[in-house]
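Asks: The structure under discussion is supplied below as structure tokens; questions concerning it will follow.
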Amino acid sequence: MQHFIVIGNPINHSKSPEIHAAFADSVNLPISYQRQFCPNDADSFVAVVNAFFAGGGVGANVTLPFKQIAFDWVKSHGKLSPYAAAAGAVNTLMLVDGKPYGDNTDGRGLVADLLAQNIALSGKQVAIVGAGGATRGAILPILDAGCQLSIYNRTKAKAENLIHALGCDTVRAGSLDELKCADKFDIIINATSATTTGQTLDLGDCRADFAYDMMYGKPSAFLAHFARQGATTSDGYGMLIHQAKLAFEQWTGKTLDLSQVNLAKPS
């Protein structure tokens with residue numbers, strides 16, 4: 001039996017054990033996947049990860065608040081994927097040739113979910129609202145998909161600094177005030193925590209054909225704004241599934257067919 005964990009603080013809310021158990025059932029693979037609480041400091045995280053792999057663990061997911069710590073640890077002791085390097089964060093860990101390998105599947109999970117919903121990406125005008133870690137992890141996969149990307153943030157300078165740090169000269173930065181009067185987008189993505197915190201973004205007259213909120217499980221004022229205009233909308237539950245799928249396939253070498261996975265969306 002192969003062993004996996006998800007490391008976080010808090011961790012009891014994590015859906016990862018149920019998701020990966022459903023993945024494993026679909027390919028008849030016996031696994032154990034457990035939630036692992038960890039004190040919120042780098043030394044504790046490294047101790048947990050080292051003990052897990054020393055005990056024969058195969059793969060670990062990393063959630064808040066440890067993605068940056070995982071990035072720093074892998075950077076010092078192993079190898080980062082190009083997506084983890086661009087994101088500055090790691091959400092997937094494994095050993096390769098005895099050394100830690102860190103990946104970030106969040107942005108590719110987002111793109112995979114959009115494609116699964118038959119949203120064409122190549123050549124499309126895409127806007128992301130927010131300039132934090134979620135946006136940073138999504139930039140490279142979105143550009144890889146052939147999109148024209150703009151990033152809007154309350155503080156325009158933060159968006160500009162993010163673009164500069166990643167060397168993405170083709171990406172445009174703007175403030176939320178500029179977003180309110182921007183031209184219509186093909187796709188707009190909320191990467192802020194507004195839905196989780198219950199805040200409302202002032203979107204003015206902003207329009208889009210398709211609106212996506214990376215969050216899920218709570219009412220989204222962001223999606224409601226675009227739904228009123230007749231836009232197609234989606235929350236981020238599919239992103240959760242697809243980023244997990246990428247991790248599972250890396251760890252196990254199995255190819256998943258999501259149509260064969262028995263996984264009900266939480267209400």
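FYI, nothing fancy with the structure tokens labels: chains A, B, ... in order, residues from 1 per chain, ligands from 1 as they appear.
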If we count only C-alpha atoms, what is near Gly238 of chain A at a cut-off of 9 Å, once residues fewer than 6 positions away on the same chain are taken out, given as a list of chain:residue names?

Replies: A:Gly109, A:Leu110, A:Ala112, A:Asp113, A:Leu114, A:Ala116

Asks: What's the 9 Å shell around Cys168 of chain A, counting only C-alpha atoms, without same-chain residues fewer than 4 positions away, as a compact mmCIF listing (two decimals) with N, CA, C and O atoms, in the first residue's frame?

Replies:
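Saved result, selection32.txt, follows:
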# COMPACT_ATOMS: atom_id res chain seq x y z
N ILE A 139 0.03 32.35 -13.46
CA ILE A 139 0.51 33.12 -14.61
C ILE A 139 1.15 32.24 -15.67
O ILE A 139 0.77 32.30 -16.86
N LEU A 140 2.11 31.42 -15.30
CA LEU A 140 2.82 30.61 -16.29
C LEU A 140 1.90 29.64 -17.02
O LEU A 140 1.92 29.58 -18.27
N LEU A 162 4.94 42.01 -9.45
CA LEU A 162 4.81 40.58 -9.70
C LEU A 162 5.20 40.25 -11.14
O LEU A 162 5.97 39.31 -11.39
N ILE A 163 4.72 41.04 -12.06
CA ILE A 163 5.05 40.83 -13.47
C ILE A 163 6.54 40.98 -13.71
O ILE A 163 7.17 40.18 -14.40
N HIS A 164 7.13 41.99 -13.10
CA HIS A 164 8.57 42.23 -13.25
C HIS A 164 9.38 41.09 -12.65
O HIS A 164 10.38 40.64 -13.25
N ARG A 172 0.00 42.62 -18.80
CA ARG A 172 -0.35 44.00 -18.47
C ARG A 172 -0.80 44.10 -17.03
O ARG A 172 -1.47 43.20 -16.51

Asks: Can you tell me which residues surround segment 225-236 of chain A at a distance of at most 7 Å, considering only C-alpha atoms, apart from same-chain residues fewer than 6 positions away, and format the answer as a CSV table (one decimal) with C-alpha atoms, in the first residue's frame?

Replies:
chain,number,residue,atom,x,y,z
A,207,ARG,CA,-17.8,42.8,-18.4
A,208,ALA,CA,-16.7,39.3,-19.4
A,209,ASP,CA,-18.0,36.3,-21.3
A,210,PHE,CA,-16.9,33.8,-18.7
A,211,ALA,CA,-16.2,34.5,-15.0
A,212,TYR,CA,-14.3,32.1,-12.7
A,213,ASP,CA,-13.8,32.3,-9.0
A,214,MET,CA,-10.9,30.2,-7.6
A,215,MET,CA,-12.8,29.9,-4.4
A,216,TYR,CA,-15.7,27.5,-3.9

Asks: Considering only helix (DSSP H, G or I) as DSSP defines it on the backbone, what residues of segment 195-231 of chain A qualify? List them as a PyMOL selection string.

Replies: chain A and resi 195-197+221-227

Asks: Return as JSON lines the residues of segment 114-219 of chain A lying at most 12 Å from segment 44-68 of chain A, together with the closest atom-to-atom pair for each and the distance in Å to one decimal, counting only C-alpha atoms, with rows in chain order and ascending residue number.

Replies:
{"residue": "A:Gly133", "atom": "CA", "partner": "A:Gln68", "partner_atom": "CA", "distance": 9.5}
{"residue": "A:Ala134", "atom": "CA", "partner": "A:Lys67", "partner_atom": "CA", "distance": 11.1}
{"residue": "A:Gly137", "atom": "CA", "partner": "A:Lys67", "partner_atom": "CA", "distance": 11.2}

Asks: What does the file look like for those residues with C-alpha atoms, as an mmCIF file, in the first residue's frame?

Replies:
data_model
loop_
_atom_site.group_PDB
_atom_site.id
_atom_site.type_symbol
_atom_site.label_atom_id
_atom_site.label_comp_id
_atom_site.auth_asym_id
_atom_site.auth_seq_id
_atom_site.Cartn_x
_atom_site.Cartn_y
_atom_site.Cartn_z
ATOM 1 C CA GLY A 133 0.198 33.871 -4.408
ATOM 2 C CA ALA A 134 -2.779 32.381 -6.227
ATOM 3 C CA GLY A 137 0.907 30.341 -9.471
#

Asks: Val129 of chain A: which residues within 6 Å, counting only C-alpha atoms, same-chain residues fewer than 5 positions away excluded, as a list in words?

Replies: Tyr152, Asn153, Asn190 and Ala191 of chain A

Asks: Could those selected residues go to a file with C-alpha atoms, as a short mmCIF file (atom, residue, chain, number, x, y, z; two decimals), in the first residue's frame?

Replies:
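Output saved as out_37.cif:
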data_model
loop_
_atom_site.label_atom_id
_atom_site.label_comp_id
_atom_site.auth_asym_id
_atom_site.auth_seq_id
_atom_site.Cartn_x
_atom_site.Cartn_y
_atom_site.Cartn_z
CA TYR A 152 -5.58 43.92 -11.83
CA ASN A 153 -4.99 44.72 -8.17
CA ASN A 190 -11.01 36.11 -9.18
CA ALA A 191 -7.80 35.15 -7.35
#

Asks: I'd like the contact shell of Leu179 of chain A - 9 Å cut-off, only C-alpha atoms, skipping same-chain residues fewer than 2 positions apart - returned as a PyMOL selection string.

Replies: chain A and resi 127+129+152-153+174-177+181-183+203-206

Asks: May I have the selected residues written with N, CA and C atoms, as a PDB file, in the first residue's frame?

Replies:
ATOM      1  N   ALA A 127      -8.270  38.230 -17.769  1.00  0.00           N
ATOM      2  CA  ALA A 127      -7.936  39.129 -16.655  1.00  0.00           C
ATOM      3  C   ALA A 127      -7.957  38.336 -15.364  1.00  0.00           C
ATOM      4  N   VAL A 129      -7.948  39.038 -11.215  1.00  0.00           N
ATOM      5  CA  VAL A 129      -8.103  40.052 -10.183  1.00  0.00           C
ATOM      6  C   VAL A 129      -7.351  39.576  -8.945  1.00  0.00           C
ATOM      7  N   TYR A 152      -5.049  42.723 -12.469  1.00  0.00           N
ATOM      8  CA  TYR A 152      -5.581  43.923 -11.827  1.00  0.00           C
ATOM      9  C   TYR A 152      -5.552  43.743 -10.312  1.00  0.00           C
ATOM     10  N   ASN A 153      -5.109  44.783  -9.627  1.00  0.00           N
ATOM     11  CA  ASN A 153      -4.993  44.719  -8.175  1.00  0.00           C
ATOM     12  C   ASN A 153      -5.326  46.083  -7.589  1.00  0.00           C
ATOM     13  N   GLY A 174      -2.810  46.546 -14.027  1.00  0.00           N
ATOM     14  CA  GLY A 174      -3.763  47.628 -13.880  1.00  0.00           C
ATOM     15  C   GLY A 174      -4.316  47.681 -12.467  1.00  0.00           C
ATOM     16  N   SER A 175      -4.921  48.803 -12.119  1.00  0.00           N
ATOM     17  CA  SER A 175      -5.579  48.962 -10.825  1.00  0.00           C
ATOM     18  C   SER A 175      -7.029  48.500 -10.939  1.00  0.00           C
ATOM     19  N   LEU A 176      -7.703  48.342  -9.801  1.00  0.00           N
ATOM     20  CA  LEU A 176      -9.125  47.980  -9.842  1.00  0.00           C
ATOM     21  C   LEU A 176      -9.952  49.101 -10.462  1.00  0.00           C
ATOM     22  N   ASP A 177      -9.529  50.349 -10.283  1.00  0.00           N
ATOM     23  CA  ASP A 177     -10.240  51.448 -10.932  1.00  0.00           C
ATOM     24  C   ASP A 177     -10.153  51.328 -12.452  1.00  0.00           C
ATOM     25  N   CYS A 181     -13.455  50.115 -15.898  1.00  0.00           N
ATOM     26  CA  CYS A 181     -13.797  50.712 -17.195  1.00  0.00           C
ATOM     27  C   CYS A 181     -13.016  50.052 -18.337  1.00  0.00           C
ATOM     28  N   ALA A 182     -12.502  48.854 -18.092  1.00  0.00           N
ATOM     29  CA  ALA A 182     -11.756  48.146 -19.132  1.00  0.00           C
ATOM     30  C   ALA A 182     -12.700  47.584 -20.187  1.00  0.00           C
ATOM     31  N   ASP A 183     -12.121  47.235 -21.342  1.00  0.00           N
ATOM     32  CA  ASP A 183     -12.910  46.576 -22.370  1.00  0.00           C
ATOM     33  C   ASP A 183     -13.361  45.208 -21.884  1.00  0.00           C
ATOM     34  N   LEU A 203     -16.579  46.212  -8.969  1.00  0.00           N
ATOM     35  CA  LEU A 203     -16.226  45.875 -10.347  1.00  0.00           C
ATOM     36  C   LEU A 203     -16.782  46.859 -11.362  1.00  0.00           C
ATOM     37  N   GLY A 204     -17.525  47.844 -10.887  1.00  0.00           N
ATOM     38  CA  GLY A 204     -18.045  48.871 -11.792  1.00  0.00           C
ATOM     39  C   GLY A 204     -18.817  48.290 -12.951  1.00  0.00           C
ATOM     40  N   ASP A 205     -18.407  48.660 -14.169  1.00  0.00           N
ATOM     41  CA  ASP A 205     -19.065  48.167 -15.378  1.00  0.00           C
ATOM     42  C   ASP A 205     -18.273  47.042 -16.046  1.00  0.00           C
ATOM     43  N   CYS A 206     -17.375  46.428 -15.310  1.00  0.00           N
ATOM     44  CA  CYS A 206     -16.530  45.382 -15.887  1.00  0.00           C
ATOM     45  C   CYS A 206     -17.386  44.251 -16.455  1.00  0.00           C
TER      46      CYS A 206
END

Asks: From the set A:Leu256, A:Ile119, A:Ile142, A:Leu80, which residue has the shortest atom-to-atom contact distance to Asp106 of chain A, counting only C-alpha atoms?

Replies: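 Answer, going by the shortest atom-to-atom distance: A:Ile142.
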
Asks: Can you work out the spacing between atom CA of Ser14 of chain A and atom CA of Val96 of chain A in Å, to one decimal?

Replies: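 Computing it gives 26.0 Å between the two atoms.
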
Asks: Can you work out which one of A:Gly123, A:Gly78, A:Pro17, A:Gly107 has the shortest atom-to-atom distance to Asp186 of chain A, counting only C-alpha atoms?

Replies: A:Gly123

Asks: So how far away is atom CA of His20 of chain A from atom CA of Lys245 of chain A, in Å?

Replies: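 Between atom CA of Lys245 of chain A and atom CA of His20 of chain A the gap is 8.1 Å.
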
Asks: From the set A:Val90, A:Ile5, A:Ile19, A:Val74, which residue has the shortest atom-to-atom contact distance to Phe37 of chain A, counting only C-alpha atoms?

Replies: A:Ile5

Asks: Which of segment 82-139 of chain A counts as strand (DSSP E or B) under DSSP, as a list in words please?

Replies: Thr92, Leu93, Met94, Leu95, Val96, Lys99, Pro100, Tyr101, Gly102, Asp103, Gln125, Val126, Ala127, Ile128 and Val129 of chain A

Asks: Can you write just those residues out, C-alpha atoms, as an mmCIF file, in the first residue's frame?

Replies:
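As written to disk, result35.cif reads:
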data_model
loop_
_atom_site.group_PDB
_atom_site.id
_atom_site.type_symbol
_atom_site.label_atom_id
_atom_site.label_comp_id
_atom_site.auth_asym_id
_atom_site.auth_seq_id
_atom_site.Cartn_x
_atom_site.Cartn_y
_atom_site.Cartn_z
ATOM 1 C CA THR A 92 3.161 18.753 -4.206
ATOM 2 C CA LEU A 93 6.162 16.874 -2.813
ATOM 3 C CA MET A 94 7.849 13.600 -3.711
ATOM 4 C CA LEU A 95 11.321 12.113 -3.790
ATOM 5 C CA VAL A 96 13.246 11.851 -7.066
ATOM 6 C CA LYS A 99 16.051 14.074 -3.105
ATOM 7 C CA PRO A 100 12.941 16.222 -2.619
ATOM 8 C CA TYR A 101 11.130 17.364 -5.738
ATOM 9 C CA GLY A 102 8.584 20.151 -5.440
ATOM 10 C CA ASP A 103 5.856 21.038 -7.897
ATOM 11 C CA GLN A 125 -8.094 38.054 -23.424
ATOM 12 C CA VAL A 126 -7.863 36.945 -19.773
ATOM 13 C CA ALA A 127 -7.936 39.129 -16.655
ATOM 14 C CA ILE A 128 -6.959 38.012 -13.169
ATOM 15 C CA VAL A 129 -8.103 40.052 -10.183
#

Asks: Record the distance separating atom CA of Lys254 of chain A and atom CA of Ala138 of chain A, expressed in Å with one decimal.

Replies: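 Between atom CA of Lys254 of chain A and atom CA of Ala138 of chain A the gap is 24.6 Å.
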
Asks: Might you pull out every residue within 10 Å of Ala131 of chain A, with only C-alpha atoms counted and same-chain residues fewer than 5 positions away left off, and present them as a CSV table (one decimal) with all heavy atoms, in the first residue's frame?

Replies:
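Saved to out-v5.csv:
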chain,number,residue,atom,x,y,z
A,136,ARG,N,0.2,34.4,-8.8
A,136,ARG,CA,1.5,34.1,-9.2
A,136,ARG,C,1.6,32.6,-9.7
A,136,ARG,O,2.3,32.4,-10.7
A,136,ARG,CB,2.5,34.3,-8.0
A,136,ARG,CG,3.9,33.9,-8.3
A,136,ARG,CD,4.9,34.4,-7.3
A,136,ARG,NE,6.3,34.0,-7.7
A,136,ARG,CZ,7.4,34.6,-7.3
A,136,ARG,NH1,7.3,35.7,-6.6
A,136,ARG,NH2,8.5,34.2,-7.7
A,151,ILE,N,-3.4,41.6,-15.3
A,151,ILE,CA,-3.5,41.4,-13.8
A,151,ILE,C,-3.9,42.8,-13.2
A,151,ILE,O,-3.3,43.8,-13.4
A,151,ILE,CB,-2.2,41.0,-13.2
A,151,ILE,CG1,-1.8,39.6,-13.8
A,151,ILE,CG2,-2.4,40.8,-11.7
A,151,ILE,CD1,-0.4,39.1,-13.3
A,152,TYR,N,-5.0,42.7,-12.5
A,152,TYR,CA,-5.6,43.9,-11.8
A,152,TYR,C,-5.6,43.7,-10.3
A,152,TYR,O,-5.9,42.7,-9.8
A,152,TYR,CB,-7.0,44.2,-12.3
A,152,TYR,CG,-7.1,44.6,-13.7
A,152,TYR,CD1,-7.2,43.6,-14.7
A,152,TYR,CD2,-7.0,45.9,-14.2
A,152,TYR,CE1,-7.3,43.9,-16.1
A,152,TYR,CE2,-7.1,46.3,-15.5
A,152,TYR,CZ,-7.2,45.3,-16.4
A,152,TYR,OH,-7.3,45.6,-17.8
A,153,ASN,N,-5.1,44.8,-9.6
A,153,ASN,CA,-5.0,44.7,-8.2
A,153,ASN,C,-5.3,46.1,-7.6
A,153,ASN,O,-5.2,47.1,-8.3
A,153,ASN,CB,-3.6,44.3,-7.8
A,153,ASN,CG,-3.5,43.9,-6.3
A,153,ASN,OD1,-4.1,42.9,-5.9
A,153,ASN,ND2,-2.7,44.6,-5.6
A,154,ARG,N,-5.8,46.1,-6.3
A,154,ARG,CA,-6.1,47.4,-5.7
A,154,ARG,C,-4.9,48.3,-5.8
A,154,ARG,O,-5.0,49.5,-6.1
A,154,ARG,CB,-6.4,47.1,-4.2
A,154,ARG,CG,-7.9,46.6,-4.0
A,154,ARG,CD,-8.2,46.7,-2.5
A,154,ARG,NE,-9.6,46.3,-2.4
A,154,ARG,CZ,-10.0,45.0,-2.1
A,154,ARG,NH1,-9.1,44.1,-2.0
A,154,ARG,NH2,-11.3,44.7,-2.0
A,155,THR,N,-3.7,47.7,-5.5
A,155,THR,CA,-2.4,48.5,-5.6
A,155,THR,C,-1.8,48.0,-6.9
A,155,THR,O,-1.3,46.9,-7.0
A,155,THR,CB,-1.5,48.2,-4.5
A,155,THR,OG1,-2.1,48.4,-3.2
A,155,THR,CG2,-0.2,49.1,-4.6
A,156,LYS,N,-1.8,48.9,-7.9
A,156,LYS,CA,-1.3,48.6,-9.2
A,156,LYS,C,0.2,48.2,-9.2
A,156,LYS,O,0.7,47.3,-9.9
A,156,LYS,CB,-1.5,49.7,-10.2
A,156,LYS,CG,-1.0,49.5,-11.6
A,156,LYS,CD,-1.3,50.7,-12.5
A,156,LYS,CE,-0.8,50.4,-13.9
A,156,LYS,NZ,-1.2,51.6,-14.8
A,157,ALA,N,0.9,48.9,-8.3
A,157,ALA,CA,2.4,48.6,-8.2
A,157,ALA,C,2.6,47.2,-7.8
A,157,ALA,O,3.6,46.6,-8.2
A,157,ALA,CB,3.0,49.5,-7.1
A,158,LYS,N,1.8,46.5,-7.0
A,158,LYS,CA,2.0,45.1,-6.6
A,158,LYS,C,1.9,44.2,-7.8
A,158,LYS,O,2.6,43.3,-8.0
A,158,LYS,CB,1.0,44.7,-5.5
A,158,LYS,CG,1.2,43.3,-5.0
A,158,LYS,CD,0.3,43.0,-3.8
A,158,LYS,CE,0.6,41.6,-3.3
A,158,LYS,NZ,-0.3,41.2,-2.2
A,159,ALA,N,0.9,44.5,-8.7
A,159,ALA,CA,0.8,43.7,-9.9
A,159,ALA,C,2.0,44.0,-10.8
A,159,ALA,O,2.5,43.0,-11.4
A,159,ALA,CB,-0.5,44.1,-10.6
A,160,GLU,N,2.4,45.2,-10.9
A,160,GLU,CA,3.6,45.5,-11.7
A,160,GLU,C,4.9,44.8,-11.2
A,160,GLU,O,5.7,44.2,-12.0
A,160,GLU,CB,3.9,47.0,-11.8
A,160,GLU,CG,2.8,47.8,-12.5
A,160,GLU,CD,2.9,49.3,-12.4
A,160,GLU,OE1,3.5,49.8,-11.4
A,160,GLU,OE2,2.5,50.0,-13.3
A,161,ASN,N,5.0,44.8,-9.9
A,161,ASN,CA,6.2,44.1,-9.3
A,161,ASN,C,6.1,42.6,-9.5
A,161,ASN,O,7.2,42.0,-9.7
A,161,ASN,CB,6.2,44.4,-7.8
A,161,ASN,CG,6.5,45.8,-7.4
A,161,ASN,OD1,7.1,46.6,-8.3
A,161,ASN,ND2,6.2,46.3,-6.2
A,162,LEU,N,4.9,42.0,-9.4
A,162,LEU,CA,4.8,40.6,-9.7
A,162,LEU,C,5.2,40.3,-11.1
A,162,LEU,O,6.0,39.3,-11.4
A,162,LEU,CB,3.4,40.1,-9.4
A,162,LEU,CG,3.0,38.7,-9.8
A,162,LEU,CD1,3.9,37.7,-9.0
A,162,LEU,CD2,1.5,38.4,-9.5
A,163,ILE,N,4.7,41.0,-12.1
A,163,ILE,CA,5.0,40.8,-13.5
A,163,ILE,C,6.5,41.0,-13.7
A,163,ILE,O,7.2,40.2,-14.4
A,163,ILE,CB,4.2,41.8,-14.3
A,163,ILE,CG1,2.8,41.5,-14.3
A,163,ILE,CG2,4.8,41.8,-15.8
A,163,ILE,CD1,1.9,42.6,-14.8
A,173,ALA,N,-0.5,45.2,-16.4
A,173,ALA,CA,-0.9,45.4,-15.0
A,173,ALA,C,-1.9,46.6,-15.0
A,173,ALA,O,-1.8,47.5,-15.8
A,173,ALA,CB,0.3,45.8,-14.1
A,191,ALA,N,-8.8,35.8,-8.1
A,191,ALA,CA,-7.8,35.1,-7.4
A,191,ALA,C,-7.6,35.8,-6.0
A,191,ALA,O,-6.6,35.6,-5.3
A,191,ALA,CB,-6.5,35.1,-8.1
A,192,THR,N,-8.5,36.7,-5.6
A,192,THR,CA,-8.5,37.3,-4.3
A,192,THR,C,-9.2,36.4,-3.3
A,192,THR,O,-9.9,35.5,-3.6
A,192,THR,CB,-9.1,38.7,-4.3
A,192,THR,OG1,-10.5,38.6,-4.3
A,192,THR,CG2,-8.7,39.5,-5.5

Asks: Using only C-alpha atoms, determine which residues lie at most 10 Å from segment 21-28 of chain A, disregarding the query and same-chain residues fewer than 5 positions distant; provide the list as a list in words.

Replies: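 Once the nearby chain positions are removed, what remains is Ser16, Tyr33, Ile241, Ala244, Lys245, Phe248, Glu249, Thr252, Lys254, Thr255, Leu256, Asp257, Leu258, Ser259, Gln260, Val261, Asn262, Leu263 and Ala264 of chain A.
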
Asks: Any chance you could export the current selection's N, CA, C and O atoms as a PDB file, in the first residue's frame?

Replies:
ATOM      1  N   SER A  16      -8.779  16.617   0.574  1.00  0.00           N
ATOM      2  CA  SER A  16      -7.820  15.804  -0.176  1.00  0.00           C
ATOM      3  C   SER A  16      -7.933  14.306   0.082  1.00  0.00           C
ATOM      4  O   SER A  16      -7.840  13.514  -0.858  1.00  0.00           O
ATOM      5  N   TYR A  33      -4.231   7.758   2.590  1.00  0.00           N
ATOM      6  CA  TYR A  33      -4.020   9.195   2.451  1.00  0.00           C
ATOM      7  C   TYR A  33      -4.578   9.865   3.711  1.00  0.00           C
ATOM      8  O   TYR A  33      -5.774   9.801   3.966  1.00  0.00           O
ATOM      9  N   ILE A 241     -10.035  19.676  -8.006  1.00  0.00           N
ATOM     10  CA  ILE A 241      -9.967  18.304  -8.496  1.00  0.00           C
ATOM     11  C   ILE A 241      -8.807  18.132  -9.472  1.00  0.00           C
ATOM     12  O   ILE A 241      -8.042  17.169  -9.392  1.00  0.00           O
ATOM     13  N   ALA A 244      -5.343  18.220  -7.891  1.00  0.00           N
ATOM     14  CA  ALA A 244      -5.111  16.953  -7.185  1.00  0.00           C
ATOM     15  C   ALA A 244      -4.823  15.824  -8.170  1.00  0.00           C
ATOM     16  O   ALA A 244      -3.969  14.965  -7.907  1.00  0.00           O
ATOM     17  N   LYS A 245      -5.521  15.819  -9.289  1.00  0.00           N
ATOM     18  CA  LYS A 245      -5.304  14.798 -10.323  1.00  0.00           C
ATOM     19  C   LYS A 245      -3.863  14.821 -10.817  1.00  0.00           C
ATOM     20  O   LYS A 245      -3.217  13.773 -10.979  1.00  0.00           O
ATOM     21  N   PHE A 248      -1.637  13.275  -8.127  1.00  0.00           N
ATOM     22  CA  PHE A 248      -1.838  11.820  -8.045  1.00  0.00           C
ATOM     23  C   PHE A 248      -1.146  11.103  -9.201  1.00  0.00           C
ATOM     24  O   PHE A 248      -0.500  10.064  -9.008  1.00  0.00           O
ATOM     25  N   GLU A 249      -1.262  11.652 -10.400  1.00  0.00           N
ATOM     26  CA  GLU A 249      -0.655  11.015 -11.568  1.00  0.00           C
ATOM     27  C   GLU A 249       0.874  11.052 -11.495  1.00  0.00           C
ATOM     28  O   GLU A 249       1.541  10.100 -11.907  1.00  0.00           O
ATOM     29  N   THR A 252       1.901   8.331  -8.720  1.00  0.00           N
ATOM     30  CA  THR A 252       1.573   6.918  -8.930  1.00  0.00           C
ATOM     31  C   THR A 252       1.900   6.407 -10.324  1.00  0.00           C
ATOM     32  O   THR A 252       1.955   5.195 -10.530  1.00  0.00           O
ATOM     33  N   LYS A 254      -0.140   6.568 -12.643  1.00  0.00           N
ATOM     34  CA  LYS A 254      -1.443   6.193 -13.197  1.00  0.00           C
ATOM     35  C   LYS A 254      -2.049   7.369 -13.960  1.00  0.00           C
ATOM     36  O   LYS A 254      -1.818   8.525 -13.626  1.00  0.00           O
ATOM     37  N   THR A 255      -2.838   7.056 -14.988  1.00  0.00           N
ATOM     38  CA  THR A 255      -3.579   8.082 -15.721  1.00  0.00           C
ATOM     39  C   THR A 255      -5.043   7.999 -15.315  1.00  0.00           C
ATOM     40  O   THR A 255      -5.664   6.933 -15.435  1.00  0.00           O
ATOM     41  N   LEU A 256      -5.581   9.101 -14.831  1.00  0.00           N
ATOM     42  CA  LEU A 256      -6.954   9.122 -14.350  1.00  0.00           C
ATOM     43  C   LEU A 256      -7.929   9.550 -15.438  1.00  0.00           C
ATOM     44  O   LEU A 256      -7.634  10.451 -16.223  1.00  0.00           O
ATOM     45  N   ASP A 257      -9.077   8.905 -15.449  1.00  0.00           N
ATOM     46  CA  ASP A 257     -10.222   9.320 -16.263  1.00  0.00           C
ATOM     47  C   ASP A 257     -11.266   9.841 -15.286  1.00  0.00           C
ATOM     48  O   ASP A 257     -11.911   9.045 -14.582  1.00  0.00           O
ATOM     49  N   LEU A 258     -11.417  11.150 -15.217  1.00  0.00           N
ATOM     50  CA  LEU A 258     -12.302  11.727 -14.202  1.00  0.00           C
ATOM     51  C   LEU A 258     -13.749  11.292 -14.381  1.00  0.00           C
ATOM     52  O   LEU A 258     -14.521  11.309 -13.411  1.00  0.00           O
ATOM     53  N   SER A 259     -14.129  10.886 -15.586  1.00  0.00           N
ATOM     54  CA  SER A 259     -15.496  10.406 -15.786  1.00  0.00           C
ATOM     55  C   SER A 259     -15.739   9.092 -15.047  1.00  0.00           C
ATOM     56  O   SER A 259     -16.895   8.697 -14.835  1.00  0.00           O
ATOM     57  N   GLN A 260     -14.659   8.419 -14.661  1.00  0.00           N
ATOM     58  CA  GLN A 260     -14.773   7.154 -13.940  1.00  0.00           C
ATOM     59  C   GLN A 260     -14.535   7.313 -12.434  1.00  0.00           C
ATOM     60  O   GLN A 260     -14.508   6.325 -11.697  1.00  0.00           O
ATOM     61  N   VAL A 261     -14.375   8.547 -11.985  1.00  0.00           N
ATOM     62  CA  VAL A 261     -14.131   8.811 -10.564  1.00  0.00           C
ATOM     63  C   VAL A 261     -15.449   9.175  -9.880  1.00  0.00           C
ATOM     64  O   VAL A 261     -16.155  10.091 -10.319  1.00  0.00           O
ATOM     65  N   ASN A 262     -15.764   8.456  -8.830  1.00  0.00           N
ATOM     66  CA  ASN A 262     -17.008   8.683  -8.092  1.00  0.00           C
ATOM     67  C   ASN A 262     -16.780   9.736  -7.015  1.00  0.00           C
ATOM     68  O   ASN A 262     -16.344   9.414  -5.910  1.00  0.00           O
ATOM     69  N   LEU A 263     -17.021  10.981  -7.377  1.00  0.00           N
ATOM     70  CA  LEU A 263     -16.710  12.082  -6.478  1.00  0.00           C
ATOM     71  C   LEU A 263     -17.802  13.134  -6.591  1.00  0.00           C
ATOM     72  O   LEU A 263     -17.933  13.804  -7.619  1.00  0.00           O
ATOM     73  N   ALA A 264     -18.585  13.257  -5.545  1.00  0.00           N
ATOM     74  CA  ALA A 264     -19.685  14.218  -5.542  1.00  0.00           C
ATOM     75  C   ALA A 264     -19.198  15.577  -5.067  1.00  0.00           C
ATOM     76  O   ALA A 264     -18.429  15.665  -4.095  1.00  0.00           O
TER      77      ALA A 264
END
